[in-house]
Protein chains: 2
Amino acid sequence: MTRFRLTVEFDGRPFMGWQRQDHGPSVQQAIEEAVFAVSGEAVSLQAAGRTDAGVHGLAMAAHVDVEKPFAPFRLMEAINAKVRPHPIAILDCAEVPADWHARFSCTGRRYVYRIVNRRAPLALEAGRAWRIAAPLDAEAMHAAAQQLVGLHDFTTFRSVHCQSASAVKSLDRLAVRRVGDAIEVEAAARSFLHHQVRSMVGCLALVGQGKWSAADLRAALEARDRAALGHNAPPDGLYFVGADYPEA
Amino acid sequence: MTRFRLTVEFDGRPFMGWQRQDHGPSVQQAIEEAVFAVSGEAVSLQAAGRTDAGVHGLAMAAHVDVEKPFAPFRLMEAINAKVRPHPIAILDCAEVPADWHARFSCTGRRYVYRIVNRRAPLALEAGRAWRIAAPLDAEAMHAAAQQLVGLHDFTTFRSVHCQSASAVKSLDRLAVRRVGDAIEVEAAARSFLHHQVRSMVGCLALVGQGKWSAADLRAALEARDRAALGHNAPPDGLYFVGADYPEA
């Protein structure tokens with residue numbers, strides 16, 4: 001048996017999310033079926049994160065155990081051939097030790113949230129960004145965001161469906177910058193709560209529109225109450241951009 | 001009657017091209033039908049360029065004459081509401097003089113061609129870029145491209161269906177640069193021949209792979225013969241990015 005690390009790009013639009021679901025297509029199921037088509041083995045794919053329906057991946061990390069011998073490059077090529085026409089691509093495949101785990105070995109997760117700040121609807125980025133028509137002040141958003149960095153109880157920014165044992169998490173980075181008519185929010189942490197990035201971005205958008213002050217954001221955090229959440233951003237603009245692991 | 005200039009973003013994938021066709025959907029038809037739904041007028045939309053099937057637009061310039069009075073912003077909002085669910089968005093709408101013409105007043109057209117240079121198929125950019133698996137030397141492509149800049153007979157880089165009176169055109173800019181795993185080619189000219197950008201990019205890709213030397217590209221240009229074309233790039237990676245007009 002060999003454990004392979006897969007780096008996965010996917011367009012989240014047609015999927016119910018990363019994780020296998022009874023009621024619709026998932027990225028996990030599509031890749032597991034492709035591996036089955038390649039090796040004849042019913043495998044279980046493990047991933048660094050479980051993205052929601054409509055959330056995209058630029059470089060999700062995952063692993064799979066395969067009995068049949070494969071050169072990593074050949075396995076990657078074979079999965080890519082079989083996973084079509086799903087909008088999923090294996091960007092990299094490498095052998096890893098049997099104790100390497102995409103989820104449990106992961107020491108850092110990084111997301112980007114993309115807002116397009118314009119009046120017109122999205123043609124080229126429909127389903128791939130959050131359009132906000134009202135002008136956003138990216139500098140005010142960035143300044144307010146720094147209050148969320150560090151160790152906090154993020155109950156306010158946590159879905160009621162979150163299964164994490166604790167809402168206390170350390171947020172390493174939350175950076176907001178304007179790039180033309182887009183606003184990009186980068187978030188990095190060892191781990192995130194369910195909906196945490198979308199909930200933080202939703203509230204930062206209120207700050208950007210001047211509806212909330214930095215103090216309002218601070219008060220929402222300190223409320224430790226989901227009811228204090230100003231807004232949960234849609235999945236369209238969220239991208240899982242990378243997972244970090246200790247050097248082997 | 002008022003003439004309005006429209007700035008149009010569109011995803012070219014579902015269309016047979018910009019121009020109205022008998023055999024399939026076009027960007028022009030979708031916008032003309034939206035204007036009809038808004039004003040009850042059967043209008044004829046004129047554009048700076050006629051993009052092919054599958055080619056995208058970031059800011060196509062067009063104009064339309066409307067009898068019914070509209071504030072430009074209201075007309076833009078109304079067209080955007082009616083043009084759904086087509087992946088088309090009017091980014092800007094402005095009144096222009098009756099002698100302003102999106103095609104005939106245009107003094108410059110700009111395109112970008114996007115190549116993703118990697119082994120894996122495209123998931124997030126399927127239909128939106130040209131994937132080339134073999135490593136590309138962007139610097140060699142850029143250096144060779146400079147031979148095409150200036151006044152030349154571009155017969156080699158012209159579709160057999162091209163309706164232009166002359167194949168002699170002045171190419172103002174053809175710049176190639178690497179951005180991560182992408183290669184972006186910028187092209188600017190007063191006007192282009194049919195398939196000119198795609199044909200130039202197709203040959204530059206041969207240079208980038210080392211299959212053609214800069215001298216081979218020069219020889220193809222000097223052959224003034226479509227048969228000397230090395231490769232015509234697919235429409236997927238081509239974006240009309242802007243049209244230039246003299247200051248009013």
# chains A, B, ... in the order shown; residues from 1 in each chain; ligands from 1
>>> interface_residues(of="chain B", to="chain A", cutoff="9 Å", atoms="only C-alpha atoms", output="PyMOL selection string")
chain B and resi 9-12+56-58+76-77+80-81+86-92+118-126
>>> residues_around(residues="Trp130 (chain A)", least_positions_apart="5", cutoff="9 Å", atoms="only C-alpha atoms", output="CSV table (one decimal) with C-alpha atoms, in the first residue's frame")
chain,number,residue,atom,x,y,z
A,113,TYR,CA,-12.0,35.6,-0.4
A,114,ARG,CA,-12.6,37.6,-3.6
A,115,ILE,CA,-15.0,40.5,-3.7
A,116,VAL,CA,-15.7,42.4,-6.9
A,117,ASN,CA,-16.7,46.0,-6.0
A,122,LEU,CA,-20.6,39.5,-12.8
A,125,GLU,CA,-16.8,35.8,-12.6
A,233,ALA,CA,-20.7,36.2,2.9
A,234,PRO,CA,-21.8,33.9,0.1
A,235,PRO,CA,-19.6,30.9,-0.8
A,236,ASP,CA,-18.9,32.2,-4.4
A,237,GLY,CA,-15.9,34.3,-3.5
A,238,LEU,CA,-14.1,31.8,-1.2
>>> residues_around(residues="Cys106 (chain B)", least_positions_apart="3", cutoff="9 Å", atoms="only C-alpha atoms", output="ChimeraX atom specification")
/B:48,61,101-103,109,190-191,243-246
>>> write_last_selection(atoms="N, CA and C atoms", output="PDB file, in the first residue's frame")
ATOM      1  N   ALA B  48     -16.755  47.660 -31.399  1.00  0.00           N
ATOM      2  CA  ALA B  48     -15.392  47.942 -31.841  1.00  0.00           C
ATOM      3  C   ALA B  48     -14.775  46.733 -32.528  1.00  0.00           C
ATOM      4  N   ALA B  61     -16.306  47.727 -26.478  1.00  0.00           N
ATOM      5  CA  ALA B  61     -17.017  48.994 -26.679  1.00  0.00           C
ATOM      6  C   ALA B  61     -18.060  48.802 -27.768  1.00  0.00           C
ATOM      7  N   HIS B 101     -18.877  56.514 -33.297  1.00  0.00           N
ATOM      8  CA  HIS B 101     -19.169  55.169 -33.787  1.00  0.00           C
ATOM      9  C   HIS B 101     -18.203  54.171 -33.144  1.00  0.00           C
ATOM     10  N   ALA B 102     -18.749  53.168 -32.491  1.00  0.00           N
ATOM     11  CA  ALA B 102     -17.915  52.211 -31.758  1.00  0.00           C
ATOM     12  C   ALA B 102     -16.873  51.559 -32.663  1.00  0.00           C
ATOM     13  N   ARG B 103     -17.241  51.313 -33.914  1.00  0.00           N
ATOM     14  CA  ARG B 103     -16.288  50.676 -34.823  1.00  0.00           C
ATOM     15  C   ARG B 103     -15.440  51.698 -35.576  1.00  0.00           C
ATOM     16  N   ARG B 109      -7.306  48.906 -30.590  1.00  0.00           N
ATOM     17  CA  ARG B 109      -7.918  47.721 -29.962  1.00  0.00           C
ATOM     18  C   ARG B 109      -6.843  46.989 -29.173  1.00  0.00           C
ATOM     19  N   ARG B 190      -4.213  49.431 -34.134  1.00  0.00           N
ATOM     20  CA  ARG B 190      -5.393  50.181 -34.562  1.00  0.00           C
ATOM     21  C   ARG B 190      -6.491  49.185 -34.939  1.00  0.00           C
ATOM     22  N   SER B 191      -6.121  48.162 -35.679  1.00  0.00           N
ATOM     23  CA  SER B 191      -7.082  47.105 -36.013  1.00  0.00           C
ATOM     24  C   SER B 191      -6.322  45.816 -36.280  1.00  0.00           C
ATOM     25  N   ALA B 243     -11.002  49.182 -26.055  1.00  0.00           N
ATOM     26  CA  ALA B 243     -10.966  49.934 -27.301  1.00  0.00           C
ATOM     27  C   ALA B 243     -10.638  51.384 -26.964  1.00  0.00           C
ATOM     28  N   ASP B 244      -9.855  52.002 -27.823  1.00  0.00           N
ATOM     29  CA  ASP B 244      -9.443  53.396 -27.594  1.00  0.00           C
ATOM     30  C   ASP B 244     -10.127  54.317 -28.600  1.00  0.00           C
ATOM     31  N   TYR B 245     -10.440  55.518 -28.123  1.00  0.00           N
ATOM     32  CA  TYR B 245     -11.088  56.534 -28.968  1.00  0.00           C
ATOM     33  C   TYR B 245     -10.412  57.868 -28.728  1.00  0.00           C
ATOM     34  N   PRO B 246     -10.426  58.750 -29.730  1.00  0.00           N
ATOM     35  CA  PRO B 246      -9.878  60.096 -29.502  1.00  0.00           C
ATOM     36  C   PRO B 246     -10.684  60.785 -28.399  1.00  0.00           C
TER      37      PRO B 246
END
>>> select_by_dssp(residues="region 108-218 of chain B", states="alpha helix (DSSP H)", output="mmCIF file with N, CA, C and O atoms, in the first residue's frame")
data_model
loop_
_atom_site.group_PDB
_atom_site.id
_atom_site.type_symbol
_atom_site.label_atom_id
_atom_site.label_comp_id
_atom_site.auth_asym_id
_atom_site.auth_seq_id
_atom_site.Cartn_x
_atom_site.Cartn_y
_atom_site.Cartn_z
ATOM 1 N N ALA B 138 9.104 32.186 -21.808
ATOM 2 C CA ALA B 138 8.390 33.440 -22.073
ATOM 3 C C ALA B 138 9.326 34.511 -22.630
ATOM 4 O O ALA B 138 8.920 35.326 -23.465
ATOM 5 N N GLU B 139 10.576 34.497 -22.177
ATOM 6 C CA GLU B 139 11.517 35.513 -22.670
ATOM 7 C C GLU B 139 11.809 35.310 -24.147
ATOM 8 O O GLU B 139 11.888 36.278 -24.914
ATOM 9 N N ALA B 140 11.970 34.053 -24.553
ATOM 10 C CA ALA B 140 12.200 33.764 -25.981
ATOM 11 C C ALA B 140 10.979 34.165 -26.804
ATOM 12 O O ALA B 140 11.109 34.701 -27.920
ATOM 13 N N MET B 141 9.786 33.931 -26.243
ATOM 14 C CA MET B 141 8.561 34.306 -26.946
ATOM 15 C C MET B 141 8.493 35.826 -27.127
ATOM 16 O O MET B 141 8.162 36.326 -28.208
ATOM 17 N N HIS B 142 8.824 36.537 -26.040
ATOM 18 C CA HIS B 142 8.754 37.996 -26.106
ATOM 19 C C HIS B 142 9.752 38.544 -27.127
ATOM 20 O O HIS B 142 9.428 39.424 -27.928
ATOM 21 N N ALA B 143 10.966 38.012 -27.080
ATOM 22 C CA ALA B 143 12.007 38.506 -28.003
ATOM 23 C C ALA B 143 11.581 38.255 -29.452
ATOM 24 O O ALA B 143 11.663 39.161 -30.296
ATOM 25 N N ALA B 144 11.096 37.055 -29.737
ATOM 26 C CA ALA B 144 10.688 36.731 -31.116
ATOM 27 C C ALA B 144 9.507 37.600 -31.546
ATOM 28 O O ALA B 144 9.414 38.032 -32.703
ATOM 29 N N ALA B 145 8.605 37.861 -30.598
ATOM 30 C CA ALA B 145 7.394 38.624 -30.912
ATOM 31 C C ALA B 145 7.702 40.017 -31.429
ATOM 32 O O ALA B 145 6.940 40.571 -32.234
ATOM 33 N N GLN B 196 -5.907 37.119 -36.252
ATOM 34 C CA GLN B 196 -4.505 37.544 -36.191
ATOM 35 C C GLN B 196 -3.863 37.278 -34.826
ATOM 36 O O GLN B 196 -2.754 36.737 -34.754
ATOM 37 N N VAL B 197 -4.570 37.648 -33.752
ATOM 38 C CA VAL B 197 -3.970 37.454 -32.427
ATOM 39 C C VAL B 197 -3.771 35.959 -32.151
ATOM 40 O O VAL B 197 -2.699 35.522 -31.729
ATOM 41 N N ARG B 198 -4.820 35.171 -32.417
ATOM 42 C CA ARG B 198 -4.705 33.728 -32.172
ATOM 43 C C ARG B 198 -3.597 33.105 -33.019
ATOM 44 O O ARG B 198 -2.885 32.200 -32.566
ATOM 45 N N SER B 199 -3.430 33.571 -34.252
ATOM 46 C CA SER B 199 -2.394 33.001 -35.127
ATOM 47 C C SER B 199 -0.998 33.398 -34.655
ATOM 48 O O SER B 199 -0.072 32.582 -34.672
ATOM 49 N N MET B 200 -0.860 34.646 -34.198
ATOM 50 C CA MET B 200 0.446 35.073 -33.676
ATOM 51 C C MET B 200 0.780 34.295 -32.408
ATOM 52 O O MET B 200 1.910 33.828 -32.227
ATOM 53 N N VAL B 201 -0.221 34.136 -31.527
ATOM 54 C CA VAL B 201 0.018 33.413 -30.268
ATOM 55 C C VAL B 201 0.340 31.944 -30.543
ATOM 56 O O VAL B 201 1.220 31.358 -29.908
ATOM 57 N N GLY B 202 -0.347 31.363 -31.499
ATOM 58 C CA GLY B 202 -0.080 29.957 -31.831
ATOM 59 C C GLY B 202 1.370 29.745 -32.242
ATOM 60 O O GLY B 202 2.015 28.779 -31.813
ATOM 61 N N CYS B 203 1.890 30.682 -33.048
ATOM 62 C CA CYS B 203 3.291 30.564 -33.481
ATOM 63 C C CYS B 203 4.256 30.890 -32.348
ATOM 64 O O CYS B 203 5.307 30.255 -32.216
ATOM 65 N N LEU B 204 3.897 31.865 -31.506
ATOM 66 C CA LEU B 204 4.762 32.177 -30.355
ATOM 67 C C LEU B 204 4.855 30.991 -29.410
ATOM 68 O O LEU B 204 5.890 30.759 -28.775
ATOM 69 N N ALA B 205 3.768 30.212 -29.308
ATOM 70 C CA ALA B 205 3.808 29.022 -28.451
ATOM 71 C C ALA B 205 4.820 28.008 -28.988
ATOM 72 O O ALA B 205 5.494 27.319 -28.215
ATOM 73 N N LEU B 206 4.952 27.930 -30.316
ATOM 74 C CA LEU B 206 5.976 27.049 -30.899
ATOM 75 C C LEU B 206 7.372 27.541 -30.533
ATOM 76 O O LEU B 206 8.270 26.752 -30.223
ATOM 77 N N VAL B 207 7.541 28.871 -30.555
ATOM 78 C CA VAL B 207 8.824 29.449 -30.149
ATOM 79 C C VAL B 207 9.088 29.133 -28.675
ATOM 80 O O VAL B 207 10.195 28.728 -28.304
ATOM 81 N N GLY B 208 8.060 29.280 -27.840
ATOM 82 C CA GLY B 208 8.218 29.041 -26.405
ATOM 83 C C GLY B 208 8.603 27.608 -26.081
ATOM 84 O O GLY B 208 9.288 27.349 -25.087
ATOM 85 N N ALA B 214 13.340 32.144 -33.426
ATOM 86 C CA ALA B 214 12.866 33.472 -33.802
ATOM 87 C C ALA B 214 12.930 33.641 -35.321
ATOM 88 O O ALA B 214 12.060 34.271 -35.927
ATOM 89 N N ALA B 215 13.950 33.041 -35.937
ATOM 90 C CA ALA B 215 14.093 33.137 -37.401
ATOM 91 C C ALA B 215 12.942 32.416 -38.109
ATOM 92 O O ALA B 215 12.482 32.847 -39.172
ATOM 93 N N ASP B 216 12.475 31.309 -37.527
ATOM 94 C CA ASP B 216 11.325 30.600 -38.119
ATOM 95 C C ASP B 216 10.083 31.489 -38.113
ATOM 96 O O ASP B 216 9.300 31.499 -39.065
ATOM 97 N N LEU B 217 9.907 32.234 -37.003
ATOM 98 C CA LEU B 217 8.747 33.135 -36.924
ATOM 99 C C LEU B 217 8.868 34.226 -37.984
ATOM 100 O O LEU B 217 7.899 34.563 -38.677
ATOM 101 N N ARG B 218 10.081 34.768 -38.126
ATOM 102 C CA ARG B 218 10.347 35.795 -39.134
ATOM 103 C C ARG B 218 10.036 35.257 -40.540
ATOM 104 O O ARG B 218 9.410 35.936 -41.357
#
>>> residues_around(residues="Ala47 (chain B)", least_positions_apart="4", cutoff="12 Å", atoms="only C-alpha atoms", output="PyMOL selection string")
chain B and resi 4-8+18-20+27-28+31+51+57+59-64+100-106+109+240+242-243
>>> atom_distance(atom1="CA of Gly24 (chain A)", atom2="CA of Gln46 (chain A)")
18.6 Å
>>> select_by_dssp(residues="region 12-221 of chain B", states="strand (DSSP E or B)", output="JSON, numbers by chain")
{"B": [17, 46, 47, 52, 56, 57, 58, 59, 60, 61, 62, 63, 64, 65, 66, 88, 89, 90, 91, 92, 93, 94, 95, 96, 108, 109, 110, 111, 112, 113, 114, 115, 116, 130, 131, 150, 151, 152, 153, 168, 169, 170, 171, 172, 173, 174, 175, 176, 177, 178, 179, 182, 183, 184, 185, 186, 187, 188, 189]}
>>> residues_around(residues="Leu229 (chain B)", least_positions_apart="6", cutoff="7 Å", atoms="only C-alpha atoms", output="list in words")
Thr156, Phe157 and Ala220 of chain B
>>> residues_around(residues="Leu171 (chain A)", least_positions_apart="6", cutoff="9 Å", atoms="only C-alpha atoms", output="list in words")
Leu148, Val149, Gly150, Leu151, His152, Ala187, Ala188, Ala189, Arg190, Ser191 and Phe192 of chain A
>>> write_last_selection(atoms="N, CA and C atoms", output="PDB file, in the first residue's frame")
ATOM      1  N   LEU A 148      -9.254  40.948  14.760  1.00  0.00           N
ATOM      2  CA  LEU A 148      -9.628  39.530  14.798  1.00  0.00           C
ATOM      3  C   LEU A 148      -8.404  38.617  14.824  1.00  0.00           C
ATOM      4  N   VAL A 149      -7.229  39.192  14.478  1.00  0.00           N
ATOM      5  CA  VAL A 149      -6.010  38.383  14.452  1.00  0.00           C
ATOM      6  C   VAL A 149      -5.602  38.047  15.878  1.00  0.00           C
ATOM      7  N   GLY A 150      -5.120  36.813  16.063  1.00  0.00           N
ATOM      8  CA  GLY A 150      -4.692  36.373  17.384  1.00  0.00           C
ATOM      9  C   GLY A 150      -5.652  35.331  17.944  1.00  0.00           C
ATOM     10  N   LEU A 151      -5.500  35.034  19.224  1.00  0.00           N
ATOM     11  CA  LEU A 151      -6.300  33.998  19.889  1.00  0.00           C
ATOM     12  C   LEU A 151      -7.596  34.597  20.421  1.00  0.00           C
ATOM     13  N   HIS A 152      -8.725  34.090  19.903  1.00  0.00           N
ATOM     14  CA  HIS A 152     -10.030  34.611  20.315  1.00  0.00           C
ATOM     15  C   HIS A 152     -11.046  33.476  20.366  1.00  0.00           C
ATOM     16  N   ALA A 187      -6.804  34.956   4.499  1.00  0.00           N
ATOM     17  CA  ALA A 187      -6.947  34.472   5.873  1.00  0.00           C
ATOM     18  C   ALA A 187      -6.068  33.248   6.059  1.00  0.00           C
ATOM     19  N   ALA A 188      -5.352  33.212   7.176  1.00  0.00           N
ATOM     20  CA  ALA A 188      -4.491  32.064   7.476  1.00  0.00           C
ATOM     21  C   ALA A 188      -4.594  31.713   8.945  1.00  0.00           C
ATOM     22  N   ALA A 189      -4.676  30.422   9.230  1.00  0.00           N
ATOM     23  CA  ALA A 189      -4.743  29.927  10.616  1.00  0.00           C
ATOM     24  C   ALA A 189      -4.370  28.448  10.615  1.00  0.00           C
ATOM     25  N   ARG A 190      -4.062  27.942  11.790  1.00  0.00           N
ATOM     26  CA  ARG A 190      -3.848  26.498  11.891  1.00  0.00           C
ATOM     27  C   ARG A 190      -5.122  25.774  11.470  1.00  0.00           C
ATOM     28  N   SER A 191      -6.262  26.263  11.972  1.00  0.00           N
ATOM     29  CA  SER A 191      -7.543  25.696  11.550  1.00  0.00           C
ATOM     30  C   SER A 191      -8.619  26.756  11.701  1.00  0.00           C
ATOM     31  N   PHE A 192      -9.701  26.546  10.992  1.00  0.00           N
ATOM     32  CA  PHE A 192     -10.825  27.488  11.006  1.00  0.00           C
ATOM     33  C   PHE A 192     -12.094  26.774  11.458  1.00  0.00           C
TER      34      PHE A 192
END
>>> residues_around(residues="Met1 (chain B)", least_positions_apart="6", cutoff="8 Å", atoms="only C-alpha atoms", output="list in words")
Asp65, Val66, Glu67, Lys68 and Pro69 of chain B
>>> atom_distance(atom1="CA of Arg74 (chain A)", atom2="CA of Gln29 (chain A)")
20.5 Å
>>> atom_distance(atom1="CA of Lys211 (chain B)", atom2="CA of Val241 (chain B)")
29.4 Å
>>> closest_residue(among="B:Val112, B:Ala175, B:Ala94, B:Ala182", to="Ala133 (chain B)", atoms="only C-alpha atoms")
B:Ala182
